[in-house]
$ cat model20.txt   # compact mmCIF, C-alpha atoms
# COMPACT_ATOMS: atom_id res chain seq x y z
CA MET A 1 42.14 -83.97 103.99
CA ARG A 2 42.33 -83.03 100.33
CA ASP A 3 42.54 -79.35 101.25
CA THR A 4 45.25 -80.08 103.82
CA LEU A 5 47.35 -82.08 101.36
CA ARG A 6 46.97 -79.37 98.74
CA ALA A 7 48.73 -76.89 101.03
CA GLN A 8 51.70 -79.19 101.77
CA LEU A 9 54.99 -79.21 99.85
CA TRP A 10 55.74 -82.91 100.23
CA PRO A 11 52.91 -84.94 98.56
CA LEU A 12 53.72 -84.15 94.92
CA PRO A 13 57.54 -84.49 95.30
CA THR A 14 57.00 -87.76 97.14
CA LEU A 15 54.85 -89.04 94.30
CA GLY A 16 57.57 -87.97 91.85
CA ILE A 17 60.20 -89.96 93.78
CA VAL A 18 58.03 -93.08 93.82
CA LEU A 19 57.36 -92.86 90.07
CA ALA A 20 61.08 -92.27 89.44
CA VAL A 21 61.99 -95.44 91.36
CA VAL A 22 59.42 -97.44 89.40
CA ALA A 23 60.70 -96.06 86.09
CA GLY A 24 64.33 -96.54 87.13
CA VAL A 25 63.65 -100.23 87.79
CA GLY A 26 61.29 -100.88 84.88
CA LEU A 27 63.00 -99.12 81.98
CA PRO A 28 66.36 -100.96 82.30
CA ARG A 29 64.46 -104.24 82.22
CA MET A 30 62.74 -103.09 79.08
CA ASP A 31 66.15 -102.15 77.70
CA LYS A 32 67.35 -105.71 78.16
CA ARG A 33 64.44 -107.08 76.18
CA ILE A 34 64.58 -104.67 73.24
CA GLN A 35 68.31 -103.90 73.01
CA HIS A 36 68.66 -106.03 69.87
CA ASP A 37 65.31 -105.03 68.39
CA VAL A 38 65.67 -101.23 68.33
CA PRO A 39 65.20 -99.85 64.79
CA ALA A 40 68.29 -98.31 63.21
CA TRP A 41 66.66 -94.89 62.81
CA LEU A 42 65.81 -94.78 66.50
CA ARG A 43 69.21 -96.06 67.63
CA ASP A 44 70.82 -92.89 66.26
CA TYR A 45 68.86 -90.82 68.78
CA LEU A 46 69.61 -93.00 71.79
CA PHE A 47 72.63 -92.78 74.06
CA GLY A 48 75.57 -94.35 72.21
CA GLY A 49 78.36 -94.37 74.78
CA ASN A 50 79.88 -97.28 76.62
CA ALA A 51 79.26 -98.23 80.26
CA ASP A 52 81.85 -95.80 81.63
CA ALA A 53 80.29 -92.94 79.69
CA ALA A 54 76.83 -93.91 80.89
CA ARG A 55 78.00 -93.93 84.49
CA SER A 56 79.65 -90.55 84.06
CA VAL A 57 76.48 -89.07 82.60
CA LEU A 58 74.25 -90.48 85.31
CA GLU A 59 76.64 -89.43 88.10
CA ALA A 60 76.80 -85.90 86.66
CA ILE A 61 73.01 -85.73 86.47
CA ALA A 62 72.56 -86.96 90.03
CA GLY A 63 75.22 -84.62 91.44
CA SER A 64 73.96 -81.52 89.63
CA LEU A 65 70.32 -82.17 90.50
CA VAL A 66 71.20 -82.32 94.21
CA THR A 67 72.65 -78.81 93.94
CA VAL A 68 69.71 -77.51 91.91
CA THR A 69 67.20 -79.02 94.34
CA ALA A 70 68.99 -77.46 97.31
CA LEU A 71 68.92 -74.09 95.52
CA THR A 72 65.21 -74.46 94.81
CA PHE A 73 64.42 -75.34 98.40
CA SER A 74 66.52 -72.40 99.63
CA LEU A 75 64.73 -69.94 97.37
CA THR A 76 61.36 -71.33 98.41
CA VAL A 77 62.18 -71.01 102.11
CA LEU A 78 63.50 -67.49 101.51
CA THR A 79 60.27 -66.56 99.76
CA LEU A 80 58.21 -67.98 102.62
CA GLN A 81 60.25 -66.00 105.13
CA LEU A 82 59.83 -62.80 103.10
CA ALA A 83 56.09 -63.29 102.79
CA SER A 84 55.76 -64.01 106.51
CA SER A 85 57.82 -61.08 107.77
CA GLN A 86 56.92 -58.36 105.27
CA PHE A 87 53.33 -59.18 104.33
CA SER A 88 51.49 -61.71 106.50
CA PRO A 89 52.15 -65.13 108.06
CA ARG A 90 48.77 -66.19 106.70
CA LEU A 91 50.15 -65.95 103.16
CA LEU A 92 52.45 -68.94 103.70
CA ARG A 93 49.63 -71.32 102.85
CA THR A 94 49.28 -69.62 99.47
CA PHE A 95 52.92 -70.34 98.63
CA THR A 96 53.01 -73.93 99.87
CA ALA A 97 49.85 -74.66 97.86
CA ASP A 98 51.46 -73.33 94.67
CA ARG A 99 51.33 -76.22 92.18
CA TYR A 100 54.17 -74.71 90.17
CA VAL A 101 56.55 -74.89 93.12
CA GLN A 102 55.42 -78.41 94.01
CA THR A 103 55.77 -79.63 90.42
CA THR A 104 59.26 -78.13 90.06
CA LEU A 105 60.47 -79.80 93.24
CA ALA A 106 58.89 -83.07 92.12
CA LEU A 107 60.69 -82.88 88.76
CA PHE A 108 64.10 -82.22 90.33
CA LEU A 109 63.80 -84.95 92.95
CA ALA A 110 62.40 -87.42 90.43
CA THR A 111 65.28 -86.80 88.02
CA PHE A 112 67.84 -87.26 90.80
CA THR A 113 66.18 -90.46 92.03
CA TYR A 114 65.79 -91.84 88.52
CA ALA A 115 69.47 -91.25 87.67
CA LEU A 116 70.61 -93.03 90.83
CA THR A 117 68.24 -95.94 90.25
CA VAL A 118 69.38 -96.44 86.64
CA LEU A 119 73.05 -96.07 87.64
CA ARG A 120 72.90 -99.31 89.61
CA THR A 121 72.03 -101.26 86.45
CA VAL A 122 75.01 -100.11 84.34
CA ARG A 123 77.73 -102.81 84.13
CA THR A 124 81.08 -102.71 82.40
CA GLY A 125 82.76 -105.61 80.69
CA GLU A 126 85.02 -106.04 83.71
CA ASP A 127 82.04 -106.93 85.91
CA GLU A 128 81.43 -110.56 86.77
CA ARG A 129 78.31 -110.49 84.63
CA THR A 130 77.93 -109.44 81.03
CA GLY A 131 78.33 -105.70 80.38
CA PHE A 132 75.11 -103.76 79.96
CA VAL A 133 74.31 -100.17 78.99
CA PRO A 134 70.59 -99.25 79.22
CA GLN A 135 70.47 -96.92 76.23
CA VAL A 136 66.81 -95.98 76.51
CA SER A 137 67.05 -95.42 80.27
CA VAL A 138 70.10 -93.16 79.98
CA THR A 139 68.43 -91.23 77.16
CA VAL A 140 65.36 -90.70 79.34
CA ALA A 141 67.64 -89.44 82.14
CA PHE A 142 69.16 -86.95 79.67
CA LEU A 143 65.69 -85.74 78.63
CA LEU A 144 64.64 -85.37 82.27
CA THR A 145 67.77 -83.28 82.85
CA LEU A 146 66.86 -80.97 79.98
CA ALA A 147 63.36 -80.65 81.42
CA SER A 148 64.86 -79.86 84.83
CA VAL A 149 67.06 -77.11 83.38
CA LEU A 150 64.04 -75.58 81.67
CA GLY A 151 62.04 -76.02 84.87
CA LEU A 152 64.70 -74.15 86.85
CA VAL A 153 64.54 -71.18 84.48
CA LEU A 154 60.74 -71.12 84.59
CA PHE A 155 60.77 -71.55 88.37
CA LEU A 156 63.03 -68.52 88.85
CA SER A 157 60.75 -66.47 86.60
CA HIS A 158 57.68 -67.72 88.46
CA LEU A 159 59.27 -66.97 91.84
CA ALA A 160 60.19 -63.43 90.80
CA ARG A 161 56.56 -62.84 89.87
CA GLU A 162 55.11 -64.54 92.96
CA ILE A 163 57.04 -62.46 95.52
CA ARG A 164 55.49 -59.26 94.16
CA VAL A 165 52.85 -58.01 96.54
CA GLU A 166 50.45 -57.33 93.66
CA THR A 167 50.62 -60.99 92.66
CA MET A 168 50.07 -62.10 96.24
CA MET A 169 46.98 -59.95 96.62
CA SER A 170 45.61 -61.12 93.27
CA ARG A 171 46.02 -64.77 94.32
CA VAL A 172 44.31 -64.08 97.65
CA HIS A 173 41.50 -62.26 95.85
CA TRP A 174 41.06 -65.13 93.38
CA ALA A 175 40.97 -67.78 96.14
CA ALA A 176 38.51 -65.77 98.24
CA ASP A 177 36.26 -65.10 95.27
CA ARG A 178 36.24 -68.81 94.43
CA THR A 179 35.23 -69.65 98.02
CA ILE A 180 32.44 -67.07 97.93
CA GLN A 181 31.06 -68.39 94.65
CA ARG A 182 31.19 -71.97 95.91
CA LEU A 183 29.52 -71.39 99.29
CA LEU A 184 27.20 -68.41 98.95
CA PRO A 185 24.27 -68.26 96.51
CA ARG A 186 23.46 -65.02 94.77
CA GLN A 187 20.42 -63.15 96.00
CA GLU A 188 18.75 -63.25 92.60
CA ASP A 189 19.39 -67.01 92.26
CA THR A 190 17.65 -68.04 95.50
CA PRO A 191 14.89 -65.69 96.61
CA PRO A 192 14.14 -65.44 100.34
CA GLY A 193 11.83 -68.21 101.45
CA GLY A 194 12.84 -70.48 98.56
CA SER A 195 14.46 -73.85 98.92
CA ALA A 196 16.69 -76.03 96.82
CA ALA A 197 18.66 -79.24 97.28
CA GLY A 198 17.95 -79.51 100.98
CA ASN A 199 18.83 -75.89 101.68
CA HIS A 200 16.40 -73.28 102.81
CA ARG A 201 16.21 -69.53 103.02
CA GLY A 202 14.11 -67.71 105.53
CA ALA A 203 13.76 -67.13 109.26
CA SER A 204 15.93 -69.46 111.31
CA PRO A 205 14.62 -71.05 114.51
CA GLU A 206 16.04 -69.84 117.81
CA PRO A 207 17.01 -72.23 120.63
CA PRO A 208 14.73 -72.40 123.68
CA PRO A 209 16.13 -71.60 127.15
CA ASN A 210 16.49 -75.28 128.04
CA ALA A 211 18.37 -76.22 124.85
CA LEU A 212 21.30 -78.63 125.07
CA THR A 213 24.59 -76.72 124.95
CA LEU A 214 27.07 -78.17 122.46
CA THR A 215 30.72 -77.69 123.38
CA THR A 216 33.87 -78.12 121.34
CA ARG A 217 36.23 -80.95 122.21
CA THR A 218 39.39 -79.60 120.59
CA SER A 219 40.97 -76.16 120.51
CA GLY A 220 41.94 -74.45 117.27
CA PHE A 221 40.40 -72.69 114.31
CA LEU A 222 37.15 -74.05 112.97
CA THR A 223 38.17 -75.09 109.46
CA SER A 224 35.13 -76.96 108.16
CA VAL A 225 31.70 -78.30 109.06
CA ASP A 226 30.37 -81.58 107.67
CA GLU A 227 26.84 -80.50 106.75
CA GLU A 228 25.68 -83.98 105.76
CA ALA A 229 26.85 -85.49 109.06
CA LEU A 230 25.07 -82.76 111.04
CA LEU A 231 21.86 -83.22 109.06
CA ASN A 232 21.93 -86.99 109.56
CA ALA A 233 22.63 -86.62 113.30
CA ALA A 234 19.77 -84.15 113.72
CA ALA A 235 17.33 -86.30 111.77
CA GLU A 236 18.29 -89.42 113.71
CA ALA A 237 17.77 -87.69 117.05
CA ASP A 238 14.68 -85.78 115.82
CA ALA A 239 16.43 -82.58 116.86
CA ILE A 240 17.25 -79.12 115.60
CA LEU A 241 20.92 -78.10 115.69
CA LEU A 242 22.35 -74.60 115.83
CA ILE A 243 26.06 -74.05 115.14
CA ASP A 244 26.70 -70.40 115.94
CA ARG A 245 30.46 -70.47 115.30
CA HIS A 246 31.38 -70.13 111.65
CA PRO A 247 34.53 -71.40 109.87
CA GLY A 248 37.45 -69.19 110.80
CA SER A 249 36.34 -68.80 114.42
CA SER A 250 38.76 -69.69 117.20
CA LEU A 251 37.43 -72.53 119.36
CA VAL A 252 38.57 -73.43 122.87
CA THR A 253 37.98 -76.86 124.36
CA GLY A 254 34.90 -76.97 126.58
CA THR A 255 33.36 -73.70 125.36
CA PRO A 256 29.93 -73.60 123.67
CA MET A 257 29.77 -73.66 119.89
CA GLY A 258 26.06 -74.29 119.43
CA ALA A 259 22.87 -75.74 120.81
CA ALA A 260 20.42 -78.56 120.18
CA TRP A 261 16.79 -79.01 121.13
CA PRO A 262 14.04 -81.54 120.32
CA HIS A 263 11.96 -81.02 117.23
CA THR A 264 8.93 -82.16 119.23
CA SER A 265 7.98 -81.66 122.84
CA GLU A 266 9.62 -84.91 123.90
CA PRO A 267 12.88 -84.19 125.80
CA PHE A 268 16.15 -85.88 124.89
CA THR A 269 17.10 -89.06 126.68
CA SER A 270 20.57 -89.21 128.22
CA GLU A 271 21.67 -91.60 125.47
CA THR A 272 20.39 -89.29 122.75
CA ARG A 273 22.12 -86.29 124.31
CA ALA A 274 25.45 -88.12 124.45
CA ARG A 275 25.13 -89.49 120.92
CA LEU A 276 24.11 -86.12 119.51
CA ALA A 277 26.95 -84.26 121.25
CA GLY A 278 29.46 -86.80 119.94
CA ALA A 279 28.15 -86.66 116.38
CA VAL A 280 28.33 -82.84 116.35
CA ALA A 281 31.88 -82.87 117.73
CA GLU A 282 32.97 -85.25 114.98
CA ALA A 283 31.29 -83.16 112.29
CA VAL A 284 33.20 -80.01 113.28
CA THR A 285 36.85 -79.98 112.21
CA THR A 286 39.45 -77.74 113.83
CA GLY A 287 42.99 -77.00 112.75
CA ALA A 288 46.07 -75.02 113.70
CA GLU A 289 45.47 -72.42 110.97
CA ARG A 290 42.64 -70.93 109.00
CA THR A 291 41.94 -72.13 105.48
CA ASP A 292 39.78 -70.93 102.61
CA HIS A 293 37.90 -74.24 102.37
CA GLN A 294 34.74 -72.89 104.06
CA ASP A 295 36.01 -69.63 105.55
CA ILE A 296 34.51 -66.79 103.51
CA ALA A 297 36.31 -64.15 105.62
CA PHE A 298 39.81 -65.60 105.28
CA GLY A 299 40.63 -63.64 102.13
CA LEU A 300 39.64 -60.36 103.77
CA ARG A 301 41.77 -61.32 106.78
CA GLN A 302 44.81 -61.82 104.56
CA LEU A 303 44.26 -58.57 102.66
CA THR A 304 43.80 -56.64 105.91
CA ASP A 305 47.02 -58.15 107.25
CA ILE A 306 48.87 -56.93 104.16
CA ALA A 307 47.42 -53.44 104.58
CA ALA A 308 48.23 -53.31 108.30
CA LYS A 309 51.80 -54.53 107.71
CA ALA A 310 52.27 -51.97 104.93
CA LEU A 311 51.16 -49.19 107.29
CA SER A 312 53.61 -50.18 110.03
CA PRO A 313 56.49 -47.76 110.68
CA ALA A 314 59.01 -50.42 109.65
CA VAL A 315 57.50 -50.74 106.16
CA ASN A 316 55.67 -47.42 105.62
CA ASP A 317 54.11 -48.34 102.28
CA PRO A 318 50.66 -46.71 102.10
CA THR A 319 50.35 -47.48 98.38
CA THR A 320 50.28 -51.21 99.11
CA ALA A 321 47.63 -50.59 101.76
CA VAL A 322 45.53 -48.69 99.21
CA HIS A 323 45.84 -51.57 96.73
CA ALA A 324 44.85 -54.08 99.43
CA LEU A 325 41.77 -51.98 100.21
CA SER A 326 40.86 -52.06 96.52
CA HIS A 327 40.84 -55.86 96.57
CA SER A 328 38.86 -55.83 99.83
CA SER A 329 36.32 -53.49 98.24
CA ALA A 330 35.84 -55.86 95.32
CA LEU A 331 35.28 -58.80 97.68
CA LEU A 332 32.85 -56.85 99.86
CA CYS A 333 30.84 -55.76 96.83
CA GLU A 334 30.67 -59.41 95.75
CA LEU A 335 29.59 -60.46 99.25
CA ALA A 336 26.88 -57.79 99.21
CA GLN A 337 25.31 -59.64 96.26
CA ARG A 338 25.23 -62.93 98.19
CA HIS A 339 23.04 -64.37 100.94
CA LEU A 340 24.83 -63.97 104.27
CA ASP A 341 22.02 -64.93 106.60
CA PRO A 342 22.12 -68.30 108.44
CA HIS A 343 22.40 -71.39 106.27
CA LEU A 344 19.49 -73.76 106.92
CA LEU A 345 19.60 -77.48 106.15
CA LEU A 346 16.33 -79.37 105.62
CA ASP A 347 15.51 -83.03 105.94
CA ASP A 348 13.50 -85.06 103.42
CA ASP A 349 10.27 -83.67 104.85
CA GLN A 350 11.46 -80.09 104.27
CA GLN A 351 11.81 -79.47 108.01
CA VAL A 352 14.64 -77.27 109.25
CA ARG A 353 17.16 -79.47 111.05
CA VAL A 354 20.44 -77.53 111.09
CA VAL A 355 21.16 -73.81 111.38
CA LEU A 356 24.67 -72.68 110.47
CA ARG A 357 25.61 -69.11 111.34
CA ARG A 358 27.59 -66.98 108.90
CA PRO A 359 29.42 -63.70 109.40
CA ASP A 360 27.22 -60.79 108.37
CA LEU A 361 28.26 -57.81 106.26
CA GLU A 362 28.86 -55.66 109.34
CA ASP A 363 31.47 -58.11 110.63
CA LEU A 364 33.10 -58.42 107.22
CA LEU A 365 33.19 -54.66 106.69
CA ASP A 366 34.72 -54.13 110.12
CA LEU A 367 37.35 -56.76 109.31
CA ALA A 368 38.26 -54.95 106.09
CA VAL A 369 38.45 -51.33 107.30
CA ALA A 370 38.91 -51.20 111.09
CA GLN A 371 42.66 -51.85 111.24
CA PRO A 372 43.58 -49.87 108.09
CA MET A 373 41.54 -46.95 109.45
CA ARG A 374 43.35 -47.14 112.79
CA TYR A 375 46.89 -47.64 111.53
CA GLY A 376 46.46 -45.34 108.52
CA ALA A 377 44.66 -42.55 110.39
CA THR A 378 47.41 -40.04 109.54
CA GLU A 379 47.61 -40.98 105.84
CA PRO A 380 45.01 -39.14 103.68
CA ALA A 381 45.44 -41.61 100.79
CA VAL A 382 44.39 -44.53 102.99
CA LEU A 383 41.38 -42.71 104.42
CA ALA A 384 40.38 -41.61 100.91
CA ARG A 385 40.46 -45.23 99.71
CA ILE A 386 38.36 -46.32 102.68
CA ALA A 387 35.82 -43.66 101.75
CA MET A 388 35.78 -44.95 98.18
CA LEU A 389 35.33 -48.49 99.51
CA LEU A 390 32.26 -47.38 101.47
CA ARG A 391 30.92 -45.59 98.42
CA GLU A 392 31.35 -48.65 96.22
CA LEU A 393 29.79 -50.93 98.82
CA ALA A 394 26.87 -48.55 99.36
CA TRP A 395 26.17 -48.58 95.65
CA ASN A 396 26.35 -52.38 95.28
CA GLY A 397 24.57 -53.22 98.52
CA THR A 398 20.92 -53.48 99.39
CA PRO A 399 18.94 -51.26 101.79
CA ALA A 400 19.65 -53.85 104.51
CA HIS A 401 23.37 -53.14 104.10
CA GLN A 402 23.08 -49.41 104.64
CA PRO A 403 23.37 -49.39 108.48
CA PRO A 404 26.85 -51.03 108.51
CA VAL A 405 28.06 -48.63 105.83
CA GLN A 406 26.61 -45.64 107.68
CA SER A 407 28.26 -46.79 110.91
CA ALA A 408 31.64 -47.15 109.19
CA LEU A 409 31.17 -43.71 107.61
CA THR A 410 30.59 -42.18 111.05
CA ARG A 411 33.80 -43.77 112.31
CA LEU A 412 35.68 -42.53 109.27
CA ARG A 413 34.49 -38.97 109.81
CA ALA A 414 35.52 -39.13 113.48
CA THR A 415 38.97 -40.36 112.42
CA ILE A 416 39.32 -37.52 109.90
CA ASP A 417 38.23 -34.90 112.45
CA ALA A 418 40.80 -36.15 114.95
CA GLN A 419 43.74 -35.58 112.58
CA ASP A 420 45.68 -32.41 111.89
CA PHE A 421 45.38 -32.43 108.11
CA HIS A 422 46.13 -29.62 105.70
CA PRO A 423 42.91 -27.78 104.75
CA THR A 424 43.16 -29.05 101.17
CA GLU A 425 43.44 -32.66 102.33
CA ARG A 426 40.60 -32.22 104.81
CA LEU A 427 38.36 -30.72 102.12
CA ARG A 428 39.04 -33.61 99.77
CA LEU A 429 38.25 -36.20 102.44
CA THR A 430 35.08 -34.34 103.40
CA GLU A 431 33.92 -34.33 99.79
CA LEU A 432 34.55 -38.06 99.57
CA THR A 433 32.38 -38.70 102.63
CA HIS A 434 29.61 -36.73 100.94
CA LEU A 435 29.90 -39.03 97.93
CA VAL A 436 29.33 -41.98 100.25
CA GLU A 437 26.12 -40.36 101.49
CA GLN A 438 24.97 -39.86 97.91
CA ALA A 439 25.65 -43.53 97.11
CA LEU A 440 23.62 -44.52 100.17
CA ALA A 441 20.78 -42.44 98.76
CA GLY A 442 21.05 -44.22 95.40
CA ARG A 443 22.86 -41.42 93.54
CA TRP A 444 26.27 -41.65 91.89
CA ALA A 445 27.82 -38.28 91.13
CA HIS A 446 29.63 -38.47 87.79
CA GLY A 447 32.82 -36.60 87.21
CA PRO A 448 36.37 -36.66 88.54
CA VAL A 449 36.79 -38.05 92.05
CA PRO A 450 38.08 -35.38 94.46
$ encode --input "model20.txt" --output "structure tokens"
Amino acid sequence: MRDTLRAQLWPLPTLGIVLAVVAGVGLPRMDKRIQHDVPAWLRDYLFGGNADAARSVLEAIAGSLVTVTALTFSLTVLTLQLASSQFSPRLLRTFTADRYVQTTLALFLATFTYALTVLRTVRTGEDERTGFVPQVSVTVAFLLTLASVLGLVLFLSHLAREIRVETMMSRVHWAADRTIQRLLPRQEDTPPGGSAAGNHRGASPEPPPNALTLTTRTSGFLTSVDEEALLNAAAEADAILLIDRHPGSSLVTGTPMGAAWPHTSEPFTSETRARLAGAVAEAVTTGAERTDHQDIAFGLRQLTDIAAKALSPAVNDPTTAVHALSHSSALLCELAQRHLDPHLLLDDDQQVRVVLRRPDLEDLLDLAVAQPMRYGATEPAVLARIAMLLRELAWNGTPAHQPPVQSALTRLRATIDAQDFHPTERLRLTELTHLVEQALAGRWAHGPVP
């Protein structure tokens, strides 16, 4: 829920409106109590006009902030449309989760609401009751207006920076790297066969032929898995659970997403089967869109979308595709240093209870290079960057990662051979593929890259 709220535009502005109403009601009451006790030195800095002037100021603030807020919303929607059409629809979540945009909208709406709320307390001498000008409250409204003007300038500067594709890719890279560091331990930190904090590394159990098939009850993208709930359900039923669909996978109601089987030879009772299936269904959360909460491949998906869109005939921007591949290479090299085998959860007796599948490096590498290789097959710069990606990954990977790199290299060579390149371009690409082979053999040729 916290991750969902973080990606929405409305929570922070709504909070700002509520606080503005509270302040707009509370500060005038404070004004009434201290209006005769304000020190002389402070009175010089407070609003000094009469009731008509106070109303004019508050009405001007409220009217102008409506226009500014409408402008801000329009620019935000325009930015979202640009990001969706020119880069990737999956980047919209990045913009809506931008705290700067949310805070700016909250400031504008809070200032507007506060001015209206204070306006109702201003009374002239012609009113039935005694005239009243909330000096402190009007002064606060003036200060909020100054903050809003400054916020508008900073917002426009921020927006101009955010719509740059380089900024978008950097934000995606940062979010994906944070997810990787949070979810995947480094290979040197947790050696194979070791265990820590209820997690285990090593061979994962495989389900027997008569295992209970676990099906999903809702369609959508698998956004998160409640590991603690799964572990408790497995321990209570004395079972072993396998969830072979990882976050980011598309689930369809009624299709299998895992299996369960008894830890001992005793078969499940019908009640245990029903309870276990229900607990697993509740522990798996689906949504209408992918998120980076537990999805380690989501960042690569976004970067690949940017590269594929840049290589489309309507955009024709191979340089952006090359830059996207550079970010993908950095993420893949980081993933190569992490444990990608199934995640095993242990009970208090150090018995494996839950097996959670993860995408392996072959899947992640295919996600990063397959579409750019297909759509950029006629662009030597794109193929050259893919070759460099494979070289960098071969150098940072382990011997277990060599087969996926070798397979991608074979596909790259087939793509190069199928194109009608100039001999100079073909020679350069061929030399780059040789550098990949050298990196696979543990050698890095120093000197200028062809």
$ closest_residue --input "model20.txt" --among "A:Ile416, A:Ala233, A:Ala381, A:Ala60" --to "Val354 of chain A" --atoms "only C-alpha atoms"
A:Ala233
$ residues_around --input "model20.txt" --residues "Pro209 of chain A" --least-positions-apart "6" --cutoff "12 Å" --atoms "only C-alpha atoms" --output "list in words"
Ala259, Ala260 and Trp261 of chain A
$ residues_around --input "model20.txt" --residues "Ala239 of chain A" --least-positions-apart "6" --cutoff "10 Å" --atoms "all atoms listed in the file" --output "list in words"
Leu231, Ala233, Ala260, Trp261, Pro262, His263, Thr264, Pro267, Phe268, Thr272, Leu276, Val352, Arg353 and Val354 of chain A
$ write_last_selection --input "model20.txt" --atoms "C-alpha atoms" --output "PDB file, in the frame of the given file"
ATOM      1  CA  LEU A 231      21.860 -83.220 109.060  1.00  0.00           C
ATOM      2  CA  ALA A 233      22.630 -86.620 113.300  1.00  0.00           C
ATOM      3  CA  ALA A 260      20.420 -78.560 120.180  1.00  0.00           C
ATOM      4  CA  TRP A 261      16.790 -79.010 121.130  1.00  0.00           C
ATOM      5  CA  PRO A 262      14.040 -81.540 120.320  1.00  0.00           C
ATOM      6  CA  HIS A 263      11.960 -81.020 117.230  1.00  0.00           C
ATOM      7  CA  THR A 264       8.930 -82.160 119.230  1.00  0.00           C
ATOM      8  CA  PRO A 267      12.880 -84.190 125.800  1.00  0.00           C
ATOM      9  CA  PHE A 268      16.150 -85.880 124.890  1.00  0.00           C
ATOM     10  CA  THR A 272      20.390 -89.290 122.750  1.00  0.00           C
ATOM     11  CA  LEU A 276      24.110 -86.120 119.510  1.00  0.00           C
ATOM     12  CA  VAL A 352      14.640 -77.270 109.250  1.00  0.00           C
ATOM     13  CA  ARG A 353      17.160 -79.470 111.050  1.00  0.00           C
ATOM     14  CA  VAL A 354      20.440 -77.530 111.090  1.00  0.00           C
TER      15      VAL A 354
END
$ closest_residue --input "model20.txt" --among "A:Asp292, A:Pro89, A:Asp177, A:Asp244" --to "Ala7 of chain A" --atoms "all atoms listed in the file"
A:Asp292
$ atom_distance --input "model20.txt" --atom1 "atom CA of Arg391 of chain A" --atom2 "atom CA of Ile180 of chain A"
21.5 Å
$ residues_around --input "model20.txt" --residues "Thr96 of chain A" --least-positions-apart "2" --cutoff "12 Å" --atoms "all atoms listed in the file" --output "PDB file with C-alpha atoms, in the frame of the given file"
ATOM      1  CA  ASP A   3      42.540 -79.350 101.250  1.00  0.00           C
ATOM      2  CA  THR A   4      45.250 -80.080 103.820  1.00  0.00           C
ATOM      3  CA  LEU A   5      47.350 -82.080 101.360  1.00  0.00           C
ATOM      4  CA  ARG A   6      46.970 -79.370  98.740  1.00  0.00           C
ATOM      5  CA  ALA A   7      48.730 -76.890 101.030  1.00  0.00           C
ATOM      6  CA  GLN A   8      51.700 -79.190 101.770  1.00  0.00           C
ATOM      7  CA  LEU A   9      54.990 -79.210  99.850  1.00  0.00           C
ATOM      8  CA  TRP A  10      55.740 -82.910 100.230  1.00  0.00           C
ATOM      9  CA  PRO A  11      52.910 -84.940  98.560  1.00  0.00           C
ATOM     10  CA  LEU A  12      53.720 -84.150  94.920  1.00  0.00           C
ATOM     11  CA  PHE A  73      64.420 -75.340  98.400  1.00  0.00           C
ATOM     12  CA  THR A  76      61.360 -71.330  98.410  1.00  0.00           C
ATOM     13  CA  VAL A  77      62.180 -71.010 102.110  1.00  0.00           C
ATOM     14  CA  THR A  79      60.270 -66.560  99.760  1.00  0.00           C
ATOM     15  CA  LEU A  80      58.210 -67.980 102.620  1.00  0.00           C
ATOM     16  CA  GLN A  81      60.250 -66.000 105.130  1.00  0.00           C
ATOM     17  CA  ALA A  83      56.090 -63.290 102.790  1.00  0.00           C
ATOM     18  CA  ARG A  90      48.770 -66.190 106.700  1.00  0.00           C
ATOM     19  CA  LEU A  91      50.150 -65.950 103.160  1.00  0.00           C
ATOM     20  CA  LEU A  92      52.450 -68.940 103.700  1.00  0.00           C
ATOM     21  CA  ARG A  93      49.630 -71.320 102.850  1.00  0.00           C
ATOM     22  CA  THR A  94      49.280 -69.620  99.470  1.00  0.00           C
ATOM     23  CA  ASP A  98      51.460 -73.330  94.670  1.00  0.00           C
ATOM     24  CA  ARG A  99      51.330 -76.220  92.180  1.00  0.00           C
ATOM     25  CA  TYR A 100      54.170 -74.710  90.170  1.00  0.00           C
ATOM     26  CA  VAL A 101      56.550 -74.890  93.120  1.00  0.00           C
ATOM     27  CA  GLN A 102      55.420 -78.410  94.010  1.00  0.00           C
ATOM     28  CA  THR A 103      55.770 -79.630  90.420  1.00  0.00           C
ATOM     29  CA  LEU A 105      60.470 -79.800  93.240  1.00  0.00           C
ATOM     30  CA  GLU A 162      55.110 -64.540  92.960  1.00  0.00           C
TER      31      GLU A 162
END
$ atom_distance --input "model20.txt" --atom1 "atom CA of Asp305 of chain A" --atom2 "atom CA of Glu437 of chain A"
28.0 Å
$ closest_residue --input "model20.txt" --among "A:Val133, A:Leu300, A:Ala20, A:Ala377" --to "Gln35 of chain A" --atoms "all atoms listed in the file"
A:Val133
$ closest_residue --input "model20.txt" --among "A:Asp349, A:Glu166, A:Asp317, A:Glu59" --to "Glu379 of chain A" --atoms "all atoms listed in the file"
A:Asp317
$ closest_residue --input "model20.txt" --among "A:Ala384, A:Ala176, A:Ile163, A:Leu156" --to "Thr319 of chain A" --atoms "all atoms listed in the file"
A:Ala384
$ residues_around --input "model20.txt" --residues "Phe421 of chain A" --least-positions-apart "5" --cutoff "9 Å" --atoms "only C-alpha atoms" --output "list in words"
Thr378, Pro380, Ile416 and Arg426 of chain A
$ write_last_selection --input "model20.txt" --atoms "C-alpha atoms" --output "PDB file, keeping the file's coordinate frame"
ATOM      1  CA  THR A 378      47.410 -40.040 109.540  1.00  0.00           C
ATOM      2  CA  PRO A 380      45.010 -39.140 103.680  1.00  0.00           C
ATOM      3  CA  ILE A 416      39.320 -37.520 109.900  1.00  0.00           C
ATOM      4  CA  ARG A 426      40.600 -32.220 104.810  1.00  0.00           C
TER       5      ARG A 426
END
